[in-house]
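Undergrad: My questions will all concern the structure given below.
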Amino acid sequence: MNAFSPYSGVSPTLVPDAALDDSSAMHDGARSVSGAITLLAGIFTSFTVSLVGEMPVGELFLMMATGWIFVHCALKQTWPGPLLRRGLFWVLLVCQAIALGAYVASDFYRGSSTHDMLRGWARMVFLVIDITAVAYLFGRSPRNLLLLIFGLQIGSAVQGLFFGALFGDLWKFGIGIPITYAAFALAGAAGPLATMIAGGVMCLVNFAMDFRSVGASCMLIAAFTVVQSLPRRLRAWVIPVGGVLALLAISLIYSSSQKETGGERADRSNIERSAMMQAAAEAFMTSPLIGHGSWFSNTHVIDNFMMIRDASAKEANVGGFAGLNDDDDPVAIHSQILVTLAEGGIFGSTFFVLFLGAILWALYDQIMVQAWRPTSAVRLLVLIFALTNVFASPFSGAHRVYIALAAGLILLISAERDESQNHELTS
């Protein structure tokens, strides 16, 4: 079979192929360049430029990497990196191509505005570029996974500290997640017990700072670390008990933090998110096959969201929301899978359905199968955040890079799993 084929029988080794470079010095140089591009892509993801919409500057570096892939393919007729040859990578891209086709059909059927069409289609294309670039970079060196995470946290902290955090909340929109990642990275170097302690401490800190989703994630990582530290045969018995205990602990900490900080802000967030999800779910149910088009530009989905939010806010005696037609800024519904279902119909969500399944598989592999390692907590944090974002974050801007980060990690885990199985067969 031609080596150019993504399905060629190439061993999924996580080091660059000898055929790609002529010497070990060139290997080291290529890894250094890929590392620098990865780090810069992460740092500059928090900063945007205005094109069709707001584009993260970090995506320009990922576009450079993708451009190099095409140059290499044209010159050497082979994919420059083991992760680009994996079947899962190509399934992800095929699913995204199906989703793009669904968006195009929906936009023409609904008569979406040209501007919204371009913004909707650009999201789909840039996600393909980002995933392709990240798969290549992680395939060049698994260290690039940590470099991308590190760069993303640097960029987030710099953006919040020096340019102002969104809504003035420096912890939630600036330094909270970077500090959480740093705590788990340092604790991982000290061992599983330190990781468990870090999970509990960061859970308390994030709940105290009203960052509930991250606080819950930290407690789950502490519980999962306990499971990872046990022999494999015991993990299946422990995980249900550990999960229940972790959820009880999260509920108690959440209730305590609400009494101390007051619940209005949390109520506002809950009302807005639930209204978004209800509006998106209702939109999908009314048009499950064709969808409502990119950004719902020629339908009443956003108007319905505003009405649901207004009714829920009045019922809960919570104010401060803009009324119908009072807010000229575009609204991004905070649910990646629901917004693609509502905008592009069932085929528009093809990628995120597969992505969701891949996240769950990767979490199972890391928690139930693999032994604990110093980077386990950081990996789990990436996967748990990705799982949360599928249901509760928008599909635009910097979130594309975070989706690509999780997809790259899943590809790495898949390659590691194959290598481990091959090693067991040959040993």
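Naming scheme: A, B, ... for chains in displayed order of the structure tokens; residues 1 onward per chain; ligands 1 onward as shown.
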For Ser287 in chain A, please output as number ranges by chain all residues within 7 Å (counting only C-alpha atoms; exclusion window: fewer than 4 positions along the same chain).

TA: A: 283, 291, 345

Undergrad: Need the shell around Leu145 in chain A: protein/DNA/RNA residues with any atom at most 8 Å away, counting only C-alpha atoms. Skip same-chain ones fewer than 3 positions apart. Format as an MDAnalysis selection string?

TA: chainID A and resid 138 142 148:149 405 408:409

Undergrad: With all heavy atoms retained, write the just-selected residues as a short mmCIF file (atom, residue, chain, number, x, y, z; two decimals), in the first residue's frame.

TA:
data_model
loop_
_atom_site.label_atom_id
_atom_site.label_comp_id
_atom_site.auth_asym_id
_atom_site.auth_seq_id
_atom_site.Cartn_x
_atom_site.Cartn_y
_atom_site.Cartn_z
N PHE A 138 1.80 16.82 18.00
CA PHE A 138 1.90 15.80 19.06
C PHE A 138 2.61 14.55 18.55
O PHE A 138 3.28 13.86 19.31
CB PHE A 138 0.51 15.44 19.58
CG PHE A 138 -0.14 16.50 20.42
CD1 PHE A 138 0.44 17.76 20.58
CD2 PHE A 138 -1.35 16.26 21.05
CE1 PHE A 138 -0.16 18.75 21.35
CE2 PHE A 138 -1.95 17.24 21.84
CZ PHE A 138 -1.36 18.48 21.98
N PRO A 142 5.57 13.77 21.93
CA PRO A 142 4.52 13.84 22.95
C PRO A 142 4.72 14.99 23.93
O PRO A 142 3.76 15.41 24.59
CB PRO A 142 4.63 12.48 23.66
CG PRO A 142 5.25 11.58 22.65
CD PRO A 142 6.21 12.45 21.87
N LEU A 148 1.66 22.69 24.69
CA LEU A 148 0.43 23.38 24.29
C LEU A 148 -0.39 23.74 25.52
O LEU A 148 -0.92 24.86 25.63
CB LEU A 148 -0.39 22.50 23.34
CG LEU A 148 -1.67 23.13 22.79
CD1 LEU A 148 -1.39 24.46 22.10
CD2 LEU A 148 -2.40 22.19 21.84
N ILE A 149 -0.50 22.80 26.47
CA ILE A 149 -1.22 23.11 27.71
C ILE A 149 -0.56 24.27 28.44
O ILE A 149 -1.22 25.21 28.88
CB ILE A 149 -1.26 21.86 28.62
CG1 ILE A 149 -2.09 20.75 27.96
CG2 ILE A 149 -1.85 22.21 29.99
CD1 ILE A 149 -1.99 19.42 28.67
N LEU A 405 -6.87 20.33 21.19
CA LEU A 405 -6.01 19.80 22.25
C LEU A 405 -6.52 18.46 22.74
O LEU A 405 -5.75 17.48 22.86
CB LEU A 405 -5.95 20.80 23.41
CG LEU A 405 -5.37 20.31 24.74
CD1 LEU A 405 -3.90 19.94 24.58
CD2 LEU A 405 -5.55 21.36 25.83
N GLY A 408 -6.11 15.79 20.05
CA GLY A 408 -4.72 15.36 19.96
C GLY A 408 -4.35 14.42 21.09
O GLY A 408 -3.64 13.42 20.88
N LEU A 409 -4.81 14.71 22.30
CA LEU A 409 -4.54 13.83 23.43
C LEU A 409 -5.19 12.47 23.21
O LEU A 409 -4.58 11.42 23.50
CB LEU A 409 -5.06 14.47 24.73
CG LEU A 409 -5.00 13.58 25.98
CD1 LEU A 409 -3.59 13.08 26.25
CD2 LEU A 409 -5.54 14.35 27.19
#

Undergrad: Can you pull out the residues contacting Leu146 in chain A? Cut-off 9 Å, using only C-alpha atoms, and skip same-chain residues under 5 positions away; I want them as a list in words.

TA: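 My reading of the contact set: Leu39, Gly151, Thr375 and Val378 of chain A.
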
Undergrad: Excluding Ala371 in chain A and residues on its chain fewer than 5 positions from it, collect all residues at most 9 Å away from it, counting only C-alpha atoms, and give them as a list in words.

TA: Gln228, Ser229, Leu230, Pro231, Arg232, Gln366 and Ser376 of chain A

Undergrad: Once you have the residues from the selection above, write them out as a PDB file, in the first residue's frame, restricted to C-alpha atoms.

TA:
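Okay, out-v1.pdb is ready:
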ATOM      1  CA  GLN A 228      -5.630   4.663  39.302  1.00  0.00           C
ATOM      2  CA  SER A 229      -3.496   3.771  42.301  1.00  0.00           C
ATOM      3  CA  LEU A 230      -5.302   0.442  42.753  1.00  0.00           C
ATOM      4  CA  PRO A 231      -4.702  -2.841  40.910  1.00  0.00           C
ATOM      5  CA  ARG A 232      -6.761  -3.097  37.713  1.00  0.00           C
ATOM      6  CA  GLN A 366      -6.784   6.393  31.598  1.00  0.00           C
ATOM      7  CA  SER A 376      -2.167  11.532  34.694  1.00  0.00           C
TER       8      SER A 376
END

Undergrad: Could you pull the residues within 8 Å of Phe351 in chain A, counting only C-alpha atoms, minus those fewer than 4 positions along the same chain, as number ranges by chain?

TA: A: 92-93, 95-96, 99, 355

Undergrad: Pick out the residues sitting within 8 Å of Val227 in chain A, and hand them over as an MDAnalysis selection string; count only C-alpha atoms, and ignore anything fewer than 3 positions along from it in its own chain.

TA: chainID A and resid 223:224 230 235 238:239 242 367:368

Undergrad: If you run DSSP over the backbone, which residues in range 76-310 of chain A end up alpha helix (DSSP H)? Put them as number ranges by chain.

TA: A: 76, 87-110, 114-140, 143-163, 176-190, 192-208, 212-228, 232-261, 264-286, 301-310

Undergrad: Need the shell around Leu170 in chain A: protein/DNA/RNA residues with any atom at most 12 Å away, counting only C-alpha atoms. Skip same-chain ones fewer than 6 positions apart. Format as a PDB file with N, CA and C atoms, in the first residue's frame?

TA:
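Output saved as result17.pdb:
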ATOM      1  N   SER A 156      -3.637  32.682  28.903  1.00  0.00           N
ATOM      2  CA  SER A 156      -4.815  33.027  29.694  1.00  0.00           C
ATOM      3  C   SER A 156      -4.453  33.935  30.858  1.00  0.00           C
ATOM      4  N   ALA A 157      -3.365  33.599  31.553  1.00  0.00           N
ATOM      5  CA  ALA A 157      -2.953  34.404  32.706  1.00  0.00           C
ATOM      6  C   ALA A 157      -2.513  35.798  32.275  1.00  0.00           C
ATOM      7  N   VAL A 158      -1.739  35.887  31.206  1.00  0.00           N
ATOM      8  CA  VAL A 158      -1.271  37.195  30.718  1.00  0.00           C
ATOM      9  C   VAL A 158      -2.447  38.045  30.277  1.00  0.00           C
ATOM     10  N   GLN A 159      -3.380  37.442  29.549  1.00  0.00           N
ATOM     11  CA  GLN A 159      -4.563  38.176  29.094  1.00  0.00           C
ATOM     12  C   GLN A 159      -5.332  38.756  30.273  1.00  0.00           C
ATOM     13  N   GLY A 160      -5.553  37.934  31.294  1.00  0.00           N
ATOM     14  CA  GLY A 160      -6.312  38.402  32.447  1.00  0.00           C
ATOM     15  C   GLY A 160      -5.583  39.419  33.289  1.00  0.00           C
ATOM     16  N   LEU A 161      -4.274  39.217  33.507  1.00  0.00           N
ATOM     17  CA  LEU A 161      -3.496  40.091  34.382  1.00  0.00           C
ATOM     18  C   LEU A 161      -3.199  41.449  33.768  1.00  0.00           C
ATOM     19  N   PHE A 162      -2.911  41.471  32.473  1.00  0.00           N
ATOM     20  CA  PHE A 162      -2.423  42.694  31.850  1.00  0.00           C
ATOM     21  C   PHE A 162      -3.438  43.388  30.940  1.00  0.00           C
ATOM     22  N   PHE A 163      -4.475  42.673  30.510  1.00  0.00           N
ATOM     23  CA  PHE A 163      -5.434  43.270  29.585  1.00  0.00           C
ATOM     24  C   PHE A 163      -6.859  43.256  30.119  1.00  0.00           C
ATOM     25  N   GLY A 164      -7.025  42.748  31.333  1.00  0.00           N
ATOM     26  CA  GLY A 164      -8.342  42.765  31.953  1.00  0.00           C
ATOM     27  C   GLY A 164      -9.117  41.496  31.721  1.00  0.00           C
ATOM     28  N   GLY A 176      -7.374  31.288  37.257  1.00  0.00           N
ATOM     29  CA  GLY A 176      -7.898  30.139  37.981  1.00  0.00           C
ATOM     30  C   GLY A 176      -7.488  28.809  37.371  1.00  0.00           C
ATOM     31  N   ILE A 177      -7.742  28.630  36.083  1.00  0.00           N
ATOM     32  CA  ILE A 177      -7.396  27.369  35.425  1.00  0.00           C
ATOM     33  C   ILE A 177      -5.881  27.199  35.332  1.00  0.00           C
ATOM     34  N   PRO A 178      -5.090  28.243  34.980  1.00  0.00           N
ATOM     35  CA  PRO A 178      -3.626  28.074  35.008  1.00  0.00           C
ATOM     36  C   PRO A 178      -3.092  27.619  36.354  1.00  0.00           C
ATOM     37  N   ILE A 179      -3.599  28.199  37.445  1.00  0.00           N
ATOM     38  CA  ILE A 179      -3.132  27.788  38.768  1.00  0.00           C
ATOM     39  C   ILE A 179      -3.542  26.347  39.055  1.00  0.00           C
ATOM     40  N   MET A 209     -13.934  30.483  45.083  1.00  0.00           N
ATOM     41  CA  MET A 209     -13.865  31.547  44.083  1.00  0.00           C
ATOM     42  C   MET A 209     -15.035  31.486  43.098  1.00  0.00           C
ATOM     43  N   ASP A 210     -16.043  30.660  43.401  1.00  0.00           N
ATOM     44  CA  ASP A 210     -17.258  30.546  42.589  1.00  0.00           C
ATOM     45  C   ASP A 210     -16.985  30.001  41.187  1.00  0.00           C
ATOM     46  N   PHE A 211     -15.968  29.139  41.070  1.00  0.00           N
ATOM     47  CA  PHE A 211     -15.674  28.463  39.803  1.00  0.00           C
ATOM     48  C   PHE A 211     -16.078  26.998  39.977  1.00  0.00           C
TER      49      PHE A 211
END

Undergrad: What does the structure give for the distance between CA of Pro288 in chain A and CA of Ser106 in chain A, in Å to one decimal?

TA: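 Those two atoms sit 10.9 Å apart.
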
Undergrad: Can you tell me how far CA of Ala185 in chain A sits from CA of Asn144 in chain A, in Å to one decimal?

TA: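 CA of Asn144 in chain A lies at a distance of 15.0 Å from CA of Ala185 in chain A.
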
Undergrad: Could you check how far CA of Gly101 in chain A sits from CA of Leu62 in chain A, in Å to one decimal?

TA: 23.3 Å
